[in-house]
Amino acid sequence: MIRYALVCERDHEFDGWFASSETFDAQVAARDILCPHCGSGDVRKALMAPSLGKGTKNGLKIPDASTPAEMAQKMSMKMLALKKHVEENCDYVGDKFAEEARRIHYGETEHRDIYGEATLDEARELVEEGVDVAPLPVVPPRQAN
């Protein structure tokens, strides 16, 4: 997994995790990456410092000993735990997510934590309206069992 610092056309900064640099390039080209602040699909990599691990030797940081495969496994486990937490603690509203998120945001119904499905356009519209939303991580099926 690769973590990139990202920035949108409006200079909002955020992070993204990708399987590879090719995956990032393909998602940017397809405009599948949206700024969580404004919903813009015009996203690019931001300047970022190198990621250094824990520990020091002669005053220099020593990179983490984890291999990329170990880091990917740890990330998958954390994503699975997050998804499980949401599923156990939030109300599932299915394909009515955008509608229900708006109702909660505008005070038309009692606040509660929800999750469900939304199209890319619906997600963009929610972000533009100032509704706090975030995608759930996609966990590979072999790990979800």
# chains A, B, ... in the order shown; residues from 1 in each chain; ligands from 1
>>> select_by_dssp(residues="region 35-138 of chain A", states="strand (DSSP E)", output="ChimeraX atom specification")
/A:43-45,56-57,60-61,91-92,114-115
>>> closest_residue(among="A:Val86, A:Ala19, A:Leu120, A:Ala72", to="Ile33 (chain A)", atoms="only C-alpha atoms")
A:Leu120
>>> closest_atom_pairs(of="region 5-103 of chain A", to="region 126-130 of chain A", cutoff="12 Å", atoms="only C-alpha atoms", output="JSON lines")
{"residue": "A:Leu34", "atom": "CA", "partner": "A:Val127", "partner_atom": "CA", "distance": 9.5}
{"residue": "A:Cys35", "atom": "CA", "partner": "A:Val127", "partner_atom": "CA", "distance": 8.8}
{"residue": "A:Pro36", "atom": "CA", "partner": "A:Val127", "partner_atom": "CA", "distance": 7.0}
{"residue": "A:His37", "atom": "CA", "partner": "A:Val127", "partner_atom": "CA", "distance": 6.7}
{"residue": "A:Cys38", "atom": "CA", "partner": "A:Glu128", "partner_atom": "CA", "distance": 5.7}
{"residue": "A:Gly39", "atom": "CA", "partner": "A:Val127", "partner_atom": "CA", "distance": 5.6}
{"residue": "A:Ser40", "atom": "CA", "partner": "A:Glu128", "partner_atom": "CA", "distance": 9.0}
{"residue": "A:Gly41", "atom": "CA", "partner": "A:Val127", "partner_atom": "CA", "distance": 11.9}
{"residue": "A:Phe97", "atom": "CA", "partner": "A:Leu126", "partner_atom": "CA", "distance": 10.2}
{"residue": "A:Ala98", "atom": "CA", "partner": "A:Leu126", "partner_atom": "CA", "distance": 7.0}
{"residue": "A:Glu99", "atom": "CA", "partner": "A:Leu126", "partner_atom": "CA", "distance": 9.4}
{"residue": "A:Glu100", "atom": "CA", "partner": "A:Leu126", "partner_atom": "CA", "distance": 10.9}
{"residue": "A:Ala101", "atom": "CA", "partner": "A:Leu126", "partner_atom": "CA", "distance": 8.1}
{"residue": "A:Arg102", "atom": "CA", "partner": "A:Leu126", "partner_atom": "CA", "distance": 7.5}
{"residue": "A:Arg103", "atom": "CA", "partner": "A:Leu126", "partner_atom": "CA", "distance": 11.3}
>>> atom_distance(atom1="CA of Glu117 (chain A)", atom2="CA of Cys90 (chain A)")
13.4 Å
>>> atom_distance(atom1="CA of Phe18 (chain A)", atom2="CA of Arg3 (chain A)")
6.4 Å
>>> residues_around(residues="region 14-16 of chain A", least_positions_apart="2", cutoff="6 Å", atoms="only C-alpha atoms", output="list in words")
Arg3, Tyr4, Ala5 and Leu6 of chain A
>>> closest_residue(among="A:Thr109, A:Thr119, A:Thr67, A:Ser21", to="Lys45 (chain A)", atoms="only C-alpha atoms")
A:Ser21
>>> residues_around(residues="Ile104 (chain A)", least_positions_apart="5", cutoff="10 Å", atoms="only C-alpha atoms", output="PyMOL selection string")
chain A and resi 99+109-114+131
>>> select_by_dssp(residues="region 13-124 of chain A", states="alpha helix (DSSP H)", output="VMD selection string")
chain A and resid 21 to 29 68 to 89 97 to 105 120 to 124
>>> atom_distance(atom1="CA of Arg31 (chain A)", atom2="CA of Asp121 (chain A)")
11.6 Å
>>> residues_around(residues="His85 (chain A)", least_positions_apart="4", cutoff="12 Å", atoms="only C-alpha atoms", output="JSON, numbers by chain")
{"A": [78, 79, 80, 81, 89, 90, 91, 113, 114, 115, 136, 137]}
>>> write_last_selection(atoms="N, CA and C atoms", output="compact mmCIF listing (two decimals), in the first residue's frame")
# COMPACT_ATOMS: atom_id res chain seq x y z
N LYS A 78 -7.04 -3.33 9.67
CA LYS A 78 -7.62 -2.10 10.24
C LYS A 78 -8.87 -1.68 9.47
N MET A 79 -8.83 -1.82 8.14
CA MET A 79 -10.01 -1.47 7.34
C MET A 79 -11.16 -2.41 7.67
N LEU A 80 -10.87 -3.68 7.84
CA LEU A 80 -11.91 -4.64 8.18
C LEU A 80 -12.51 -4.32 9.55
N ALA A 81 -11.65 -3.94 10.51
CA ALA A 81 -12.14 -3.58 11.85
C ALA A 81 -13.02 -2.34 11.79
N ASN A 89 -22.49 -0.68 14.73
CA ASN A 89 -22.89 0.46 15.53
C ASN A 89 -23.71 1.53 14.80
N CYS A 90 -23.96 1.31 13.52
CA CYS A 90 -24.71 2.29 12.73
C CYS A 90 -25.90 1.63 12.05
N ASP A 91 -26.88 2.43 11.69
CA ASP A 91 -28.07 1.92 11.00
C ASP A 91 -27.81 1.82 9.51
N ASP A 113 -26.19 7.66 13.51
CA ASP A 113 -25.12 7.27 12.59
C ASP A 113 -25.68 6.24 11.61
N ILE A 114 -25.42 6.47 10.32
CA ILE A 114 -25.95 5.59 9.28
C ILE A 114 -24.86 5.20 8.31
N TYR A 115 -25.14 4.14 7.55
CA TYR A 115 -24.29 3.78 6.41
C TYR A 115 -25.18 3.14 5.36
N LEU A 136 -16.79 3.94 3.20
CA LEU A 136 -16.26 2.83 3.99
C LEU A 136 -15.15 2.18 3.19
N PRO A 137 -14.13 1.67 3.85
CA PRO A 137 -13.06 0.99 3.11
C PRO A 137 -13.59 -0.27 2.43
